[in-house]
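Have a look at the structure below, then the notes.
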Amino acid sequence: MTENTRQFSSLVVDGMERAPSRAMLYPVGFTDADFHKPQIGIASTWSMVTPCNMHINRLADDAARGVDGHGGKAVIFNTITISDGISMGTEGMKYSLVSREVIADSIETVAGCQGFDGLVAIGGCDKNMPGCLMAIARLNRPAVFVYGGTILPGCHGDKKLDVVSVFEAVGARANDKIDDAELYSIESKAIPGPGSCGGMYTANTMASAIEALGMSLPGSSAQAAISNDKKLDCERAGEQVVKLLELGIKPLDIMTRKAFENAITVVIALGGSTNAVLHLLAMAYTAGVQLDLDDFTRIGQHVPMVADLKPSGKYTMAELVEIGGIQPLMKELLKAGLLHGDCLTVTGKTMAENLKSAAEYPAGQEIIKPLDNPIKKDSHLVILYGNLAPEGAVAKITGKEGLQFTGIARVFDCEELALKAILDGTVVKGNVIVIRFEGPKGGPGMREMLSPTSAVMGKGLGKEVALITDGRFSGGTHGFVVGHITPEAYVGGPLAVVEDGDKITIDAETHELTLHVASDVISQRLAEWQQPKRRYEHGVLAKYAKLVSSASEGAVTDKYLDYSVYNIK
């Protein structure tokens with residue numbers, strides 16, 4: 001090891017004057033020899049809050065062994081996680097997107113304070129992943145991200161289950177399609193052990209995006225949470241960070257605009273979550289990369305959706321793992337000219353070099369369709385504009401729902417009121433459910449609408465009802481849905497003045513979201529509109545609402561910091 005590999009830790013532990021620092025480190029396991037090694041922080045998101053993260057303490061130990069066995073000194077530390085699946089549909093869900101910022105802030109804080117020379121970050125539930133990458137980008141010290149891995153499916157009869165199965169079972173119970181006993185059977189069998197939600201939901205989407213970005217080792221995104229492959233992935237990540245230190249390769253060398261385009265391409269091909277739009281925009285901003293909503297449209301015109309994965313498809317992530325994960329798909333995308341093969345990755349090699357050794361999918365598999373015979377010829381992530389979304393909105397339209405929907409607005413000022421109306425039959429065929437004041441500032445926190453969208457599916461209205469919101473959606477959402485509407489209602493976006501009975505059209509072909517109300521009437525309504533009172537006056541949600549940017553800008557909290565008040569130029 002050279003002194004260049006200890007750029008930050010040397011400032012903390014070297015020299016006579018740093019004796020107090022060394023004294024503090026002996027009791028946590030440092031030996032005299034360790035003070036001459038690069039220190040690698042292992043950012044663990046372990047928690048017993050959720051099955052997504054309940055095993056990550058063991059994975060952190062595996063990563064630490066990889067560091068310690070290859071000339072570094074590992075230091076494990078924790079950051080928070082929350083559970084979307086548990087808090088969904090409650091006031092607590094407002095903290096979900098906020099947790100992404102807290103995770104990024106906390107990892108940056110610990111690594112910056114302690115003088116770590118590099119990082120391994122291990123994430124499970126979906127906000128962990130962009131949060132970890134945002135911290136890695138801010139610090140710009142050699143780093144590898146490790147995905148905690150997917151859960152295995154539960155089973156009810158001959159049907160494979162996951163958490164979305166339970167949300168949809170609630171709608172089925174409300175519609176008397178199943179009884180209490182079957183609902184209990186589904187809920188008690190759906191989550192059999194550790195790992196993140198088992199479809200191409202947000203966790204698996206973001207893990208795949210980060211692998212395509214080049215910030216995870218090949219294969220990391222498609223491994224079961226409890227598996228020897230995942231254990232080895234962690235050990236190799238620890239080893240690789242030490243190598244990256246020696247090579248002088250930093251995250252911002254990898255997280256380039258081309259790399260983000262690769263991530264978008266893979267998310268589209270996999271039919272990934274709408275949350276990927278929000279998180280990739282945030283990650284790109286943090287990395288200093290220019291990326292906007294229109295990049296998703298531009299790339300999506302040429303990239304087919306080929307993965308038949310839940311929620312809109314048949315198969316689970318565990319089944320994709322069995323046939324080789326995303327590496328064979330990426331190899332095909334590269335051959336088709338849809339990936340940038342010259343992008344650097346955490347292996348120290350380019351994407352093209354990594355993919356040379358990737359196997360092909362086994363003959364006869366039906367999970368990943370051929371690029372020339374896709375499920376949808378272009379992106380399922382559709383960016384919409386129009387008089388309801390002047391600054392953009394994000395739809396998830398696979399084509400199975402149709403490509404256009406026109407209906408009559410049923411307006412709700414929060415998620416809970418909408419869910420009640422769906423379950424009690426107030427919402428009927430032909431309605432466009434409008435849920436507003438759920439945006440980043442208005443919620444605050446931009447809750448996911450999995451409860452109402454799952455209730456719609458459970459009630460059998462998936463093709464008969466649309467839902468639009470300035471909130472966002474779980475990766476488990478499917479149906480005719482539009483989220484991330486900007487400007488959000490709370491800041492006076494047109495969504496704020498939609499009324500019951502207004503006609504609304506969602507058109508995935510023209511990329512328009514239209515309120516069929518005369519422009520002068522909309523202007524008059526907005527002139528008479530009054531902003532609601534803030535829902536939180538202090539605490540983390542109040543701080544978030546004050547600082548957060550628009551969803552069309554990634555909903556980050558450090559974009560509008562006004563340093564002028566401190567006379568800083």
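Residues are named by chain letter and number: chains run A, B, ... in the order of the structure tokens, numbers start at 1 in each chain, and ligands are numbered from 1 in the order shown.
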Surrounding residues of stretch 93-97 of chain A excluding itself and chain neighbours under 4 positions, 6 Å, only C-alpha atoms, as a short mmCIF file (atom, residue, chain, number, x, y, z; two decimals) with all heavy atoms, in the first residue's frame:
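New file result.cif:
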data_model
loop_
_atom_site.label_atom_id
_atom_site.label_comp_id
_atom_site.auth_asym_id
_atom_site.auth_seq_id
_atom_site.Cartn_x
_atom_site.Cartn_y
_atom_site.Cartn_z
N SER A 87 -45.22 0.57 6.11
CA SER A 87 -45.81 1.89 6.34
C SER A 87 -46.78 2.32 5.23
O SER A 87 -47.48 3.32 5.38
CB SER A 87 -44.70 2.94 6.47
OG SER A 87 -43.97 3.04 5.27
N MET A 88 -46.82 1.56 4.14
CA MET A 88 -47.63 1.95 2.98
C MET A 88 -49.07 2.26 3.37
O MET A 88 -49.72 1.50 4.10
CB MET A 88 -47.62 0.80 1.96
CG MET A 88 -48.11 1.20 0.59
SD MET A 88 -46.90 2.18 -0.31
CE MET A 88 -45.62 0.97 -0.62
N GLY A 445 -43.32 14.47 1.35
CA GLY A 445 -42.67 13.17 1.29
C GLY A 445 -43.02 12.31 0.11
O GLY A 445 -42.44 11.25 -0.08
N ARG A 447 -45.65 10.20 -0.97
CA ARG A 447 -45.97 8.80 -0.66
C ARG A 447 -46.21 7.97 -1.92
O ARG A 447 -46.65 8.49 -2.95
CB ARG A 447 -47.23 8.73 0.21
CG ARG A 447 -47.00 9.16 1.63
CD ARG A 447 -48.17 8.81 2.52
NE ARG A 447 -49.36 9.63 2.27
CZ ARG A 447 -50.49 9.53 2.97
NH1 ARG A 447 -50.59 8.65 3.96
NH2 ARG A 447 -51.51 10.31 2.71
#
All helix (DSSP H, G or I) residues (DSSP, backbone) inside stretch 446-513 of chain A, as a PDB file with C-alpha atoms, in the first residue's frame:
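Result went into result21.pdb, see below:
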ATOM      1  CA  LEU A 450     -49.574   1.076  -3.671  1.00  0.00           C
ATOM      2  CA  SER A 451     -52.617   0.697  -1.433  1.00  0.00           C
ATOM      3  CA  PRO A 452     -55.077   2.439  -3.797  1.00  0.00           C
ATOM      4  CA  THR A 453     -53.562   0.988  -6.992  1.00  0.00           C
ATOM      5  CA  SER A 454     -53.588  -2.520  -5.530  1.00  0.00           C
ATOM      6  CA  ALA A 455     -57.165  -2.018  -4.375  1.00  0.00           C
ATOM      7  CA  VAL A 456     -58.098  -1.041  -7.930  1.00  0.00           C
ATOM      8  CA  MET A 457     -56.502  -4.246  -9.256  1.00  0.00           C
ATOM      9  CA  GLY A 458     -58.067  -6.349  -6.509  1.00  0.00           C
ATOM     10  CA  ALA A 489     -50.627  20.675  -6.376  1.00  0.00           C
ATOM     11  CA  TYR A 490     -49.220  22.194  -3.174  1.00  0.00           C
ATOM     12  CA  VAL A 491     -47.185  24.784  -5.087  1.00  0.00           C
ATOM     13  CA  PRO A 494     -52.923  22.744 -12.278  1.00  0.00           C
ATOM     14  CA  LEU A 495     -53.636  19.485 -10.436  1.00  0.00           C
ATOM     15  CA  ALA A 496     -54.680  21.675  -7.501  1.00  0.00           C
ATOM     16  CA  VAL A 497     -57.798  22.919  -9.325  1.00  0.00           C
TER      17      VAL A 497
END
> Of the residues A:Glu91, A:Asp180, A:Glu3, A:Asp158, which is the one nearest to A:Leu245, using only C-alpha atoms?
Replying inline: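 Using only C-alpha atoms, A:Leu245 sits closest to A:Glu3.
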> In Å, how far is it from atom CA of A:Glu17 to atom CA of A:Asp32?
Replying inline: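 For atom CA of A:Glu17 relative to atom CA of A:Asp32, the distance reads 15.9 Å.
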>> Would you pick out the contacts of stretch 330-344 of chain A at 9 Å or less, using only C-alpha atoms, so that residues sharing its chain but fewer than 3 positions from it are not included, and give the list as a PyMOL selection string?
In response: chain A and resi 212-214+253-256+258-259+261-263+265-266+269+299+302-303+326-327+347-353+355-356+358-360+370-371
> Leaving out A:Glu512 and any residue of its chain fewer than 6 positions from it, which residues lie within 10 Å of it when counting only C-alpha atoms, given as a list of chain:residue names?
Replying inline: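 Close residues of A:Glu512: A:Val382, A:Ile383, A:Leu384, A:Tyr385, A:Gly386, A:Asn387, A:Leu388, A:Ala389, A:Pro390, A:Gly392, A:Ala393, A:Gln404, A:Thr505, A:Ile506.
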>> Could you list, as JSON, numbers by chain, every residue within 10 Å of A:Leu278, counting only C-alpha atoms and ignoring same-chain residues fewer than 5 positions away?
In response: {"A": [130, 273, 283, 292, 293, 394, 472, 484, 550, 551, 552, 553, 554, 555, 556]}
Once you have the residues from the selection above, write them out as a PDB file, in the first residue's frame, restricted to N, CA and C atoms.
ATOM      1  N   PRO A 130     -30.388   4.318  -3.873  1.00  0.00           N
ATOM      2  CA  PRO A 130     -30.015   5.674  -4.310  1.00  0.00           C
ATOM      3  C   PRO A 130     -29.378   6.477  -3.191  1.00  0.00           C
ATOM      4  N   SER A 273     -39.352   0.008 -12.286  1.00  0.00           N
ATOM      5  CA  SER A 273     -40.216   0.902 -11.512  1.00  0.00           C
ATOM      6  C   SER A 273     -40.107   2.356 -11.960  1.00  0.00           C
ATOM      7  N   MET A 283     -29.520  10.853  -8.361  1.00  0.00           N
ATOM      8  CA  MET A 283     -28.148  10.364  -8.375  1.00  0.00           C
ATOM      9  C   MET A 283     -27.300  11.144  -9.379  1.00  0.00           C
ATOM     10  N   ASP A 292     -32.212  14.739 -17.502  1.00  0.00           N
ATOM     11  CA  ASP A 292     -33.555  15.250 -17.257  1.00  0.00           C
ATOM     12  C   ASP A 292     -34.597  14.273 -17.783  1.00  0.00           C
ATOM     13  N   LEU A 293     -35.860  14.623 -17.578  1.00  0.00           N
ATOM     14  CA  LEU A 293     -36.953  13.739 -17.958  1.00  0.00           C
ATOM     15  C   LEU A 293     -36.925  13.368 -19.428  1.00  0.00           C
ATOM     16  N   VAL A 394     -44.755  11.126 -14.915  1.00  0.00           N
ATOM     17  CA  VAL A 394     -44.200   9.818 -15.266  1.00  0.00           C
ATOM     18  C   VAL A 394     -45.308   8.774 -15.208  1.00  0.00           C
ATOM     19  N   ARG A 472     -46.138   9.331  -5.847  1.00  0.00           N
ATOM     20  CA  ARG A 472     -45.421   8.384  -6.692  1.00  0.00           C
ATOM     21  C   ARG A 472     -45.999   6.988  -6.476  1.00  0.00           C
ATOM     22  N   HIS A 484     -45.835  11.580 -10.214  1.00  0.00           N
ATOM     23  CA  HIS A 484     -44.796  12.605 -10.307  1.00  0.00           C
ATOM     24  C   HIS A 484     -45.293  13.832 -11.090  1.00  0.00           C
ATOM     25  N   SER A 550     -38.386  19.834  -6.927  1.00  0.00           N
ATOM     26  CA  SER A 550     -39.493  19.186  -7.635  1.00  0.00           C
ATOM     27  C   SER A 550     -39.161  17.742  -7.983  1.00  0.00           C
ATOM     28  N   ALA A 551     -40.195  16.921  -8.122  1.00  0.00           N
ATOM     29  CA  ALA A 551     -39.995  15.539  -8.558  1.00  0.00           C
ATOM     30  C   ALA A 551     -39.329  15.481  -9.923  1.00  0.00           C
ATOM     31  N   SER A 552     -39.585  16.461 -10.784  1.00  0.00           N
ATOM     32  CA  SER A 552     -38.968  16.478 -12.113  1.00  0.00           C
ATOM     33  C   SER A 552     -37.478  16.751 -12.043  1.00  0.00           C
ATOM     34  N   GLU A 553     -36.997  17.137 -10.859  1.00  0.00           N
ATOM     35  CA  GLU A 553     -35.570  17.370 -10.633  1.00  0.00           C
ATOM     36  C   GLU A 553     -34.975  16.348  -9.674  1.00  0.00           C
ATOM     37  N   GLY A 554     -35.727  15.258  -9.403  1.00  0.00           N
ATOM     38  CA  GLY A 554     -35.213  14.197  -8.546  1.00  0.00           C
ATOM     39  C   GLY A 554     -35.586  14.295  -7.090  1.00  0.00           C
ATOM     40  N   ALA A 555     -36.293  15.373  -6.690  1.00  0.00           N
ATOM     41  CA  ALA A 555     -36.691  15.570  -5.291  1.00  0.00           C
ATOM     42  C   ALA A 555     -35.492  15.485  -4.352  1.00  0.00           C
ATOM     43  N   VAL A 556     -34.431  16.210  -4.687  1.00  0.00           N
ATOM     44  CA  VAL A 556     -33.255  16.269  -3.821  1.00  0.00           C
ATOM     45  C   VAL A 556     -33.387  17.438  -2.854  1.00  0.00           C
TER      46      VAL A 556
END
>> Between atom CA of A:Asn228 and atom CA of A:Ile122, what is the distance in Å, rounded to a tenth?
In response: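 If I compute the distance from atom CA of A:Asn228 to atom CA of A:Ile122, I get 16.1 Å.
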